[in-house]
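Asks: Got a structure here, written out as structure tokens. Questions coming.
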Amino acid sequence: MLLADEIDAYLKRLFPLARSITGEPNRETLRVLQELVPLSIGEVPSGTAVYDWVIPQEWKINDAWIENTEGHRLVDFVNCNLHVVSYSEPIDQWMTWDSLSPHVHRHPELTSAIPYRTTYYQRNWGFCVSAAQFEALSMADGNLHVVINSEFRSGSLSYGEYLLPGRSPQEILISSYICHPSMANDSLSGVLLSAFLARELARRESRKWSYRFVFVPETIGAIAYSALNEAAMSRIDIGLVATTVGGPGKLGYKQSWDSAHPINRHIQAVLNELGNDYVTYPFDVHGSDERQYSTQGFRINCATICKDRYYEYPEYHTSLDNLNLVTGRQIAEAFNAYKRLVERLEARQIYQNRIRHGEVMLSRHELYPASGGAQRPDLGGRSELDLILWLLFYCDGRLALDDIALMLDVPMASVESIVSKLASKGILNHV
Amino acid sequence: MLLADEIDAYLKRLFPLARSITGEPNRETLRVLQELVPLSIGEVPSGTAVYDWVIPQEWKINDAWIENTEGHRLVDFVNCNLHVVSYSEPIDQWMTWDSLSPHVHRHPELTSAIPYRTTYYQRNWGFCVSAAQFEALSMADGNLHVVINSEFRSGSLSYGEYLLPGRSPQEILISSYICHPSMANDSLSGVLLSAFLARELARRESRKWSYRFVFVPETIGAIAYSALNEAAMSRIDIGLVATTVGGPGKLGYKQSWDSAHPINRHIQAVLNELGNDYVTYPFDVHGSDERQYSTQGFRINCATICKDRYYEYPEYHTSLDNLNLVTGRQIAEAFNAYKRLVERLEARQIYQNRIRHGEVMLSRHELYPASGGAQRPDLGGRSELDLILWLLFYCDGRLALDDIALMLDVPMASVESIVSKLASKGILNHV
Amino acid sequence: MLLADEIDAYLKRLFPLARSITGEPNRETLRVLQELVPLSIGEVPSGTAVYDWVIPQEWKINDAWIENTEGHRLVDFVNCNLHVVSYSEPIDQWMTWDSLSPHVHRHPELTSAIPYRTTYYQRNWGFCVSAAQFEALSMADGNLHVVINSEFRSGSLSYGEYLLPGRSPQEILISSYICHPSMANDSLSGVLLSAFLARELARRESRKWSYRFVFVPETIGAIAYSALNEAAMSRIDIGLVATTVGGPGKLGYKQSWDSAHPINRHIQAVLNELGNDYVTYPFDVHGSDERQYSTQGFRINCATICKDRYYEYPEYHTSLDNLNLVTGRQIAEAFNAYKRLVERLEARQIYQNRIRHGEVMLSRHELYPASGGAQRPDLGGRSELDLILWLLFYCDGRLALDDIALMLDVPMASVESIVSKLASKGILNHV
């Protein structure tokens, strides 16, 4: 089965769930992901203090609608789970349009779109509607029956965690957020990409680095998870926040807080390899969970490869961010970039030239290329001899091969092929 | 009373005094400044060794003239105290124009100007005259009677010192020179600006930094003062030499020896705020007393904000550098720049975000802006939310707010308003 | 006698010798150089292991030719010692052109050129011929008599070494290679330049730095020499590989591996002083013996000043690299650049301003220039006063005068003249 098709199947299953920062649909989402990787599901009880935050009560939405005096439902939650502002408190009341209207939100520009709104940390209620629905509500004769059948209860915040050990205990963090209801690019695409990436990495015989996959509700979940794993998180140097990876537009990436960190170079190299235009977003304190992971206590260099990044595409945070906009094929394209990036990170290796004084006598080791100094397209236009000499020059036990590849402007695969030849002769030793 | 008018009044009183590197007019100048701030007057006896220098004898000029055989005074000290080369030895002699002429100086270009000359460290004598006077002298029939009634005596070099304590013992040096006779831009303008700035700072309830105001004869005075206060001077990081601050031309600034030092950025920021073109002079070993303060034993980063800087304006070091050229209004303009600079330095503050792990939960602290993400012109076009997040990101107990303001390209006042809000909630702690 | 003429005389004597990586012609070459400087000749026995290499057997070529059935020699070693591939094994055999032709090399472009080939580390044999000779061979009726009368024997690799002590034990390495037979630019020009440079330096009363002149066969010789002198070589910071210094084209230089190392600035300064266009070659792992000296165990910053550098001129590695191409005058031009460079290195000096606090009172030390602030062409357009002040500012016991000269963009001679004046007054102390 093609990856794009697999993703499409999961998109269809997970899209309808009314996820929020807590609740059963989140657990259901994580359970579905367990089909891909055996992630463990953790729960943080309501009321738990996590740094500057407190885990809120669980919110359950059963039903909601607005009906007119004739019993006709002008807005109905069963049609779209964006219709109710997330974390709306319950209400069951007849009221005039004038009283209701401050609680009804429409998109300022897209008439057919139902916007996405939340009221997590301020008790309130509201509906989100299309322009036509707004018009119909405002024209309704008589009062309107407003019903939100929701419940708050002491429960817990759910998260998924999947640790993939590598030969090195040094971890790479990959985080996505499971708190958005029926929107496909933000954030279901990132959740699925992350899960498929985890499966991909789990299938490897072994990994150089350890990987920490985290599926959390945005912000509060990332904070809770970090608080529960502070020591581990404080040791992590590199992170990826997978989000908005499924739009029809260009690939792009948001840089980590230290723009000179290698992770940014690696992403650029991947995107350059892929050959199309891409968008570069400098680090910003706005965004997703890199906000948490970049705070002073962690300062993880956390980047995002995206495809139609949040904030930027018109359908962002509306009902139009749906499966017409997002496809498995598109997510597979971004997946490919993440996969290549992980491969680059896996390929980060450090070698030491065993012969530190004087050049290596290539002919003695049968290393002198038969092709001599002929330029080879597969070696980035360099000759094999040239690459051998530069690698012997640079492999000093400190520079990583990818650093060297970038310095030489040569594909990593070329460097690896030459290094492996030199290592097989015992000239380069893996550090 | 307007500052410009106050300055004008002092310009009129102080301009006529025949200041030099030592002497009564210098003391008189300092005594007048005591009306503005209670500076103390120090004396360094003639013959005192200060580093590579020795304090010279005091020089007193009583009278001087050149008269022709008819008793007509072609040059007379009472008309302009620039007529006599400063530190001229006494003479009373009839001589031919041929003998006299090597001792008579005129301006190479400005015919109406009387140039300013000194002979501090080489016993000599001379007159400075206008082109017309030079012509008249050269045309005189018969010998000329040359009289300089001057005296040398063991005395002392006088300086003014005014220490303004702040909450921090770290001092900022503000130095001006009192050794120039009747010239207004160089250097009376700087002396007055400095005194008024001292008054301004003294009126503040309190100051963050301590300030060391120094009024000295140029070079020898700065050296003597530094020698007497070596330990204190060696601890100073930032200095300002106030000179030529009253011309009709553009503002400008001479950079400190380390062009990357924040003082230079601060001055640029002030001058940019003021909105007009300004001139940037890179550090140079020529100049004023920053020469002394920048030597290896001190290496103070000493800058000058100026308005028609020395060397650059045609009237420099001539009798045309007078109260027609220089006005209180012009000095007040430069004063404003210094004042803003000092305000910026006072505003240098360092904060630490108390919540180092994870973001601050803004709503819990009633910090989530009602305006949301709306861009605000008063916040440099950023939203309040944006500034809050960046300040929480950057306030790490090391970066100063002004560094952060510059990094964010946001007015300092905006940063301060947000920081004070965050500090009032106990989120940011002053370091 | 003019230097150019002296060089020409040695070119004529040394050009014909059939040098290789070992052998009598190498010793003969070194013995001739002993006329210029008393270099010592060292021998490394065949079979000696040096780092990753082993010293090969000595190769002796007595005679070689290819004759046709009529006894006519179509190729004859006595006409050109490039005719035989260096290190060819002996052969004496009649064979068809088809069998012979894989062993016969001609230049791909230059019809009159006999190319230069070696087979040091792979037992083989071959001839190098012009296009006409190749044609004649291919048209020969019947078999061809192929004779190479060569011998291999256990012997030694010869090298020359000349150590010139200086006041400082810090050494500068100057290396050239003696392994090329009758080719003038590559490498005889470099050998002669190096020997004349050694003579020049030996004639100096004294030297600040110590100099290590090394005459070795390329690669294996440099490696052998380094291995025998590892401790000394590991302490060396600066090196020069003198090669291809005699072409008719532009001067140029190959940078050392750390492009920010002062040696590169010094060479640029020399080449700029000389006033003509020059070529800059970035460091490359290809090249000459800087390859060895730049390896990790040494990392000497080794540069080359050249005139028609190897690889770049059409006659490279052919019989056309001869005394028609290369002249003593041309080598003398490059010699001049090396000499100036050495003079710059000799001039590297560090001074400390004794008066660290406050400026020096120039008049007291009779240092105030009579010319005042007049710009002087001999001081790079600066005034003497200006230079004095900057030197007093910068001479802090760490910066070398040449660093300062470059920072000030002033000829070194100007800096030196001012420094010597300041030192003579006891103001600047040599560190």
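Letters A, B, ... go to the chains of the structure tokens in the order shown; residues in each chain start at 1; ligands are counted from 1 in the same order.
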For chain A, list the residues within 7 Å of chain B, counting only C-alpha atoms, and write the list as a PyMOL selection string.

Replies: chain A and resi 51-53+223+285+292-293+295-298

Asks: Can you work out which one of A:Cys302, A:Val191, A:Ile178, A:Leu39 has the shortest atom-to-atom distance to A:Asp237, counting only C-alpha atoms?

Replies: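 Looking only at the distances to A:Asp237, the closest residue turns out to be A:Cys302.
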
Asks: Counting only C-alpha atoms, what is within 6 Å of B:Arg19, bar same-chain residues fewer than 6 positions away, as number ranges by chain?

Replies: B: 25-26, 179-181

Asks: Which residues come within 9 Å of B:Ile7, counting only C-alpha atoms, excluding same-chain residues fewer than 6 positions away, as a VMD selection string?

Replies: chain B and resid 189 192 to 193 196 327 to 329 331 to 332

Asks: Convert the current residue selection to file output with C-alpha atoms, as a compact mmCIF listing (two decimals), in the first residue's frame.

Replies:
```
# COMPACT_ATOMS: atom_id res chain seq x y z
CA SER B 189 29.62 75.12 24.51
CA LEU B 192 28.06 74.66 29.62
CA LEU B 193 26.30 71.63 28.22
CA PHE B 196 23.58 71.89 32.65
CA THR B 327 23.61 80.16 20.43
CA GLY B 328 21.93 78.79 23.49
CA ARG B 329 19.29 77.29 21.26
CA ILE B 331 23.55 74.08 22.53
CA ALA B 332 20.13 73.15 23.89
```

Asks: Can you list, as an mmCIF file with C-alpha atoms, in the first residue's frame, every protein, DNA or RNA residue that comes within 10 Å of stretch 85-101 of chain A when you count only C-alpha atoms, leaving out same-chain residues fewer than 5 positions away?

Replies:
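Okay, part_11.cif is ready:
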```cif
data_model
loop_
_atom_site.group_PDB
_atom_site.id
_atom_site.type_symbol
_atom_site.label_atom_id
_atom_site.label_comp_id
_atom_site.auth_asym_id
_atom_site.auth_seq_id
_atom_site.Cartn_x
_atom_site.Cartn_y
_atom_site.Cartn_z
ATOM 1 C CA ALA A 18 -13.865 16.336 18.192
ATOM 2 C CA ARG A 19 -10.443 16.683 19.765
ATOM 3 C CA SER A 20 -9.705 19.385 22.285
ATOM 4 C CA ILE A 21 -7.019 19.884 24.917
ATOM 5 C CA THR A 22 -8.502 17.053 26.936
ATOM 6 C CA GLN A 57 -10.951 20.016 33.846
ATOM 7 C CA GLU A 58 -11.942 17.694 31.095
ATOM 8 C CA TRP A 59 -14.589 19.049 28.751
ATOM 9 C CA LYS A 60 -17.156 16.838 27.098
ATOM 10 C CA ILE A 61 -19.430 18.042 24.376
ATOM 11 C CA ASP A 63 -24.595 18.058 21.491
ATOM 12 C CA ALA A 64 -25.338 21.665 20.560
ATOM 13 C CA TRP A 65 -27.621 23.590 18.281
ATOM 14 C CA ILE A 66 -29.471 26.814 17.698
ATOM 15 C CA GLU A 67 -33.120 26.419 16.663
ATOM 16 C CA ASN A 68 -35.761 28.915 15.749
ATOM 17 C CA THR A 69 -39.305 29.109 17.023
ATOM 18 C CA PRO A 115 -14.070 29.506 11.946
ATOM 19 C CA TYR A 116 -12.327 27.651 14.793
ATOM 20 C CA ARG A 117 -12.467 29.213 18.248
ATOM 21 C CA THR A 118 -11.568 28.114 21.753
ATOM 22 C CA THR A 119 -12.152 29.462 25.224
ATOM 23 C CA TYR A 120 -9.920 27.205 27.242
ATOM 24 C CA TYR A 121 -8.970 29.464 30.096
ATOM 25 C CA GLN A 122 -11.965 31.761 30.367
ATOM 26 C CA ARG A 123 -15.415 30.371 31.061
ATOM 27 C CA ASN A 124 -17.600 31.385 28.142
ATOM 28 C CA TRP A 125 -19.622 29.829 25.352
ATOM 29 C CA GLY A 126 -20.063 30.457 21.666
ATOM 30 C CA PHE A 127 -20.894 29.251 18.209
ATOM 31 C CA CYS A 128 -18.930 29.486 14.987
ATOM 32 C CA PHE A 134 -25.016 34.141 10.447
ATOM 33 C CA LEU A 137 -29.726 33.679 12.490
ATOM 34 C CA SER A 138 -29.885 37.450 12.251
ATOM 35 C CA MET A 139 -33.074 37.293 10.152
ATOM 36 C CA ALA A 140 -34.832 34.767 12.382
ATOM 37 C CA ASP A 141 -38.281 35.785 13.627
ATOM 38 C CA GLY A 142 -38.648 35.634 17.379
ATOM 39 C CA ASN A 143 -36.264 34.203 19.926
ATOM 40 C CA LEU A 144 -33.727 31.499 19.300
ATOM 41 C CA HIS A 145 -33.229 28.376 21.322
ATOM 42 C CA VAL A 146 -29.573 28.077 22.172
ATOM 43 C CA VAL A 147 -28.373 24.725 23.447
ATOM 44 C CA ILE A 148 -24.898 23.578 24.325
ATOM 45 C CA ASN A 149 -24.928 20.252 26.092
ATOM 46 C CA SER A 150 -21.416 20.160 27.491
ATOM 47 C CA GLU A 151 -19.917 18.939 30.754
ATOM 48 C CA PHE A 152 -16.807 19.749 32.769
ATOM 49 C CA HIS A 180 -7.486 20.376 17.160
ATOM 50 C CA PRO A 181 -10.871 19.008 16.124
#
```

Asks: Identify, on the basis of only C-alpha atoms, every residue whose closest approach to B:Leu163 does not exceed 10 Å; exclude the query and any residue fewer than 6 positions from it along the same chain; express the result as an MDAnalysis selection string.

Replies: chainID B and resid 38:40 171:173 198 202 210:214

Asks: Find the spatial neighbours of stretch 266-273 of chain C, counting only C-alpha atoms, within a cut-off of 8 Å - ignore same-chain residues fewer than 3 positions away - and output them as a VMD selection string.

Replies: chain C and resid 251 to 253 262 to 263 276 278 305 337 340 to 341 344 to 345

Asks: Run DSSP on the backbone and give me the residues of stretch 252-327 of chain B it puts in strand (DSSP E), as a list of chain:residue names.

Replies: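 Output for stretch 252-327 of chain B, strand (DSSP E) only: B:Gly252, B:Tyr253, B:Lys254, B:Tyr278, B:Val279, B:Thr280, B:Tyr281, B:Asn301, B:Cys302, B:Ala303, B:Thr304, B:Ile305, B:Cys306, B:Lys307.
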
Asks: Take the residues that were just selected and, keeping N, CA and C atoms, output them as a short mmCIF file (atom, residue, chain, number, x, y, z; two decimals), in the first residue's frame.

Replies:
```
data_model
loop_
_atom_site.label_atom_id
_atom_site.label_comp_id
_atom_site.auth_asym_id
_atom_site.auth_seq_id
_atom_site.Cartn_x
_atom_site.Cartn_y
_atom_site.Cartn_z
N GLY B 252 26.39 65.18 15.25
CA GLY B 252 27.26 64.09 14.82
C GLY B 252 27.77 63.39 16.05
N TYR B 253 28.50 62.32 15.85
CA TYR B 253 29.15 61.72 17.01
C TYR B 253 30.43 61.03 16.60
N LYS B 254 31.38 61.09 17.50
CA LYS B 254 32.64 60.38 17.31
C LYS B 254 32.56 59.10 18.13
N TYR B 278 22.84 62.94 10.52
CA TYR B 278 23.93 63.24 11.44
C TYR B 278 25.20 62.66 10.88
N VAL B 279 26.32 63.14 11.40
CA VAL B 279 27.63 62.73 10.90
C VAL B 279 28.20 61.70 11.86
N THR B 280 28.81 60.64 11.32
CA THR B 280 29.48 59.65 12.16
C THR B 280 30.98 59.75 11.94
N TYR B 281 31.69 59.98 13.02
CA TYR B 281 33.15 60.03 12.95
C TYR B 281 33.70 58.77 13.60
N ASN B 301 35.61 53.53 26.95
CA ASN B 301 34.92 53.79 25.69
C ASN B 301 34.24 55.15 25.77
N CYS B 302 34.91 56.08 25.18
CA CYS B 302 34.59 57.49 25.32
C CYS B 302 34.12 58.03 23.98
N ALA B 303 32.90 58.53 23.93
CA ALA B 303 32.36 59.07 22.69
C ALA B 303 32.04 60.55 22.86
N THR B 304 31.78 61.20 21.75
CA THR B 304 31.39 62.62 21.77
C THR B 304 30.20 62.81 20.84
N ILE B 305 29.15 63.37 21.39
CA ILE B 305 28.09 63.89 20.51
C ILE B 305 28.44 65.35 20.26
N CYS B 306 28.41 65.79 19.03
CA CYS B 306 28.85 67.14 18.72
C CYS B 306 27.87 67.80 17.73
N LYS B 307 28.08 69.06 17.56
CA LYS B 307 27.27 69.82 16.59
C LYS B 307 28.25 70.80 15.97
#
```

Asks: I'd like the interatomic distance between atom CA of C:Ser158 and atom CA of C:Thr244, to a tenth of an Å.

Replies: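 Atom CA of C:Ser158 sits 21.4 Å away from atom CA of C:Thr244.
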
Asks: Rounded to one decimal, what separation in Å do you get between atom CA of B:Pro411 and atom CA of B:Ile238?

Replies: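 Between these atoms lies a distance of 22.1 Å.
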
Asks: Go through stretch 311-413 of chain C and collect every residue that DSSP, computed from the backbone, puts in helix (DSSP H, G or I); the answer should be as a short mmCIF file (atom, residue, chain, number, x, y, z; two decimals) with N, CA and C atoms, in the first residue's frame.

Replies:
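Final file, result-v3.cif:
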```cif
data_model
loop_
_atom_site.label_atom_id
_atom_site.label_comp_id
_atom_site.auth_asym_id
_atom_site.auth_seq_id
_atom_site.Cartn_x
_atom_site.Cartn_y
_atom_site.Cartn_z
N GLY C 328 66.32 33.25 -15.84
CA GLY C 328 66.82 33.75 -14.56
C GLY C 328 66.13 35.04 -14.17
N ARG C 329 65.86 35.87 -15.16
CA ARG C 329 65.19 37.13 -14.87
C ARG C 329 63.82 36.89 -14.26
N GLN C 330 63.11 35.89 -14.79
CA GLN C 330 61.77 35.60 -14.28
C GLN C 330 61.83 35.05 -12.85
N ILE C 331 62.79 34.16 -12.66
CA ILE C 331 62.94 33.61 -11.30
C ILE C 331 63.35 34.73 -10.34
N ALA C 332 64.19 35.63 -10.82
CA ALA C 332 64.63 36.73 -9.96
C ALA C 332 63.45 37.60 -9.55
N GLU C 333 62.46 37.67 -10.41
CA GLU C 333 61.27 38.45 -10.07
C GLU C 333 60.51 37.80 -8.90
N ALA C 334 60.34 36.48 -8.99
CA ALA C 334 59.68 35.78 -7.88
C ALA C 334 60.56 35.81 -6.63
N PHE C 335 61.87 35.68 -6.85
CA PHE C 335 62.81 35.78 -5.73
C PHE C 335 62.59 37.08 -4.98
N ASN C 336 62.40 38.12 -5.72
CA ASN C 336 62.17 39.42 -5.12
C ASN C 336 60.93 39.40 -4.22
N ALA C 337 59.90 38.71 -4.66
CA ALA C 337 58.69 38.61 -3.84
C ALA C 337 58.97 37.81 -2.56
N TYR C 338 59.67 36.69 -2.70
CA TYR C 338 60.01 35.90 -1.50
C TYR C 338 60.89 36.71 -0.56
N LYS C 339 61.82 37.42 -1.15
CA LYS C 339 62.73 38.21 -0.33
C LYS C 339 61.96 39.28 0.44
N ARG C 340 61.06 39.93 -0.25
CA ARG C 340 60.25 40.93 0.43
C ARG C 340 59.38 40.29 1.52
N LEU C 341 58.89 39.12 1.21
CA LEU C 341 58.07 38.43 2.20
C LEU C 341 58.89 38.12 3.45
N VAL C 342 60.09 37.58 3.22
CA VAL C 342 60.95 37.25 4.35
C VAL C 342 61.29 38.53 5.12
N GLU C 343 61.51 39.58 4.39
CA GLU C 343 61.78 40.85 5.08
C GLU C 343 60.59 41.27 5.94
N ARG C 344 59.41 41.04 5.42
CA ARG C 344 58.22 41.35 6.23
C ARG C 344 58.14 40.47 7.46
N LEU C 345 58.47 39.20 7.27
CA LEU C 345 58.42 38.30 8.43
C LEU C 345 59.49 38.69 9.45
N GLU C 346 60.67 39.03 8.92
CA GLU C 346 61.74 39.49 9.81
C GLU C 346 61.32 40.74 10.58
N LEU C 362 54.77 64.41 23.84
CA LEU C 362 55.70 64.28 22.71
C LEU C 362 56.81 65.33 22.76
N SER C 363 56.47 66.57 23.11
CA SER C 363 57.48 67.62 23.05
C SER C 363 58.61 67.37 24.06
N ARG C 364 58.26 66.86 25.22
CA ARG C 364 59.26 66.56 26.23
C ARG C 364 60.31 65.57 25.72
N HIS C 365 59.87 64.65 24.85
CA HIS C 365 60.78 63.64 24.31
C HIS C 365 61.31 64.06 22.94
N PRO C 377 53.71 61.48 1.89
CA PRO C 377 53.57 60.32 1.00
C PRO C 377 54.38 59.12 1.50
N ASP C 378 55.52 59.39 2.09
CA ASP C 378 56.35 58.27 2.56
C ASP C 378 55.75 57.59 3.78
N LEU C 379 54.73 58.19 4.35
CA LEU C 379 54.05 57.56 5.49
C LEU C 379 52.64 57.13 5.07
N GLU C 384 53.24 62.31 10.31
CA GLU C 384 54.07 61.65 11.30
C GLU C 384 53.38 61.65 12.66
N LEU C 385 52.76 62.77 12.99
CA LEU C 385 52.06 62.86 14.25
C LEU C 385 50.98 61.80 14.36
N ASP C 386 50.25 61.64 13.27
CA ASP C 386 49.18 60.66 13.23
C ASP C 386 49.71 59.26 13.50
N LEU C 387 50.78 58.92 12.82
CA LEU C 387 51.36 57.58 13.00
C LEU C 387 51.87 57.39 14.42
N ILE C 388 52.51 58.40 14.94
CA ILE C 388 53.01 58.31 16.32
C ILE C 388 51.85 58.00 17.27
N LEU C 389 50.78 58.74 17.13
CA LEU C 389 49.66 58.56 18.05
C LEU C 389 49.03 57.18 17.91
N TRP C 390 48.85 56.72 16.67
CA TRP C 390 48.25 55.40 16.49
C TRP C 390 49.16 54.30 17.03
N LEU C 391 50.45 54.44 16.81
CA LEU C 391 51.38 53.41 17.29
C LEU C 391 51.39 53.37 18.81
N LEU C 392 51.35 54.54 19.42
CA LEU C 392 51.29 54.56 20.89
C LEU C 392 49.97 53.93 21.38
N PHE C 393 48.94 54.12 20.58
CA PHE C 393 47.63 53.55 20.95
C PHE C 393 47.63 52.03 20.83
N TYR C 394 48.22 51.52 19.75
CA TYR C 394 48.12 50.10 19.46
C TYR C 394 49.23 49.24 20.06
N LEU C 401 53.81 44.65 14.87
CA LEU C 401 53.84 45.87 14.07
C LEU C 401 53.21 45.67 12.70
N ASP C 402 53.38 44.49 12.14
CA ASP C 402 52.80 44.30 10.82
C ASP C 402 51.28 44.23 10.89
N ASP C 403 50.76 43.66 11.97
CA ASP C 403 49.31 43.71 12.15
C ASP C 403 48.86 45.17 12.18
N ILE C 404 49.60 45.95 12.91
CA ILE C 404 49.23 47.36 13.06
C ILE C 404 49.36 48.08 11.71
N ALA C 405 50.46 47.79 11.01
CA ALA C 405 50.66 48.43 9.71
C ALA C 405 49.49 48.12 8.78
N LEU C 406 49.04 46.87 8.81
CA LEU C 406 47.92 46.51 7.95
C LEU C 406 46.65 47.19 8.41
N MET C 407 46.44 47.24 9.73
CA MET C 407 45.25 47.91 10.25
C MET C 407 45.24 49.38 9.83
N LEU C 408 46.42 49.97 9.83
CA LEU C 408 46.50 51.39 9.48
C LEU C 408 46.67 51.62 7.98
N MET C 412 55.04 49.12 5.92
CA MET C 412 55.76 48.66 7.09
C MET C 412 56.96 49.55 7.38
N ALA C 413 57.62 49.99 6.32
CA ALA C 413 58.81 50.82 6.52
C ALA C 413 58.45 52.09 7.28
#
```
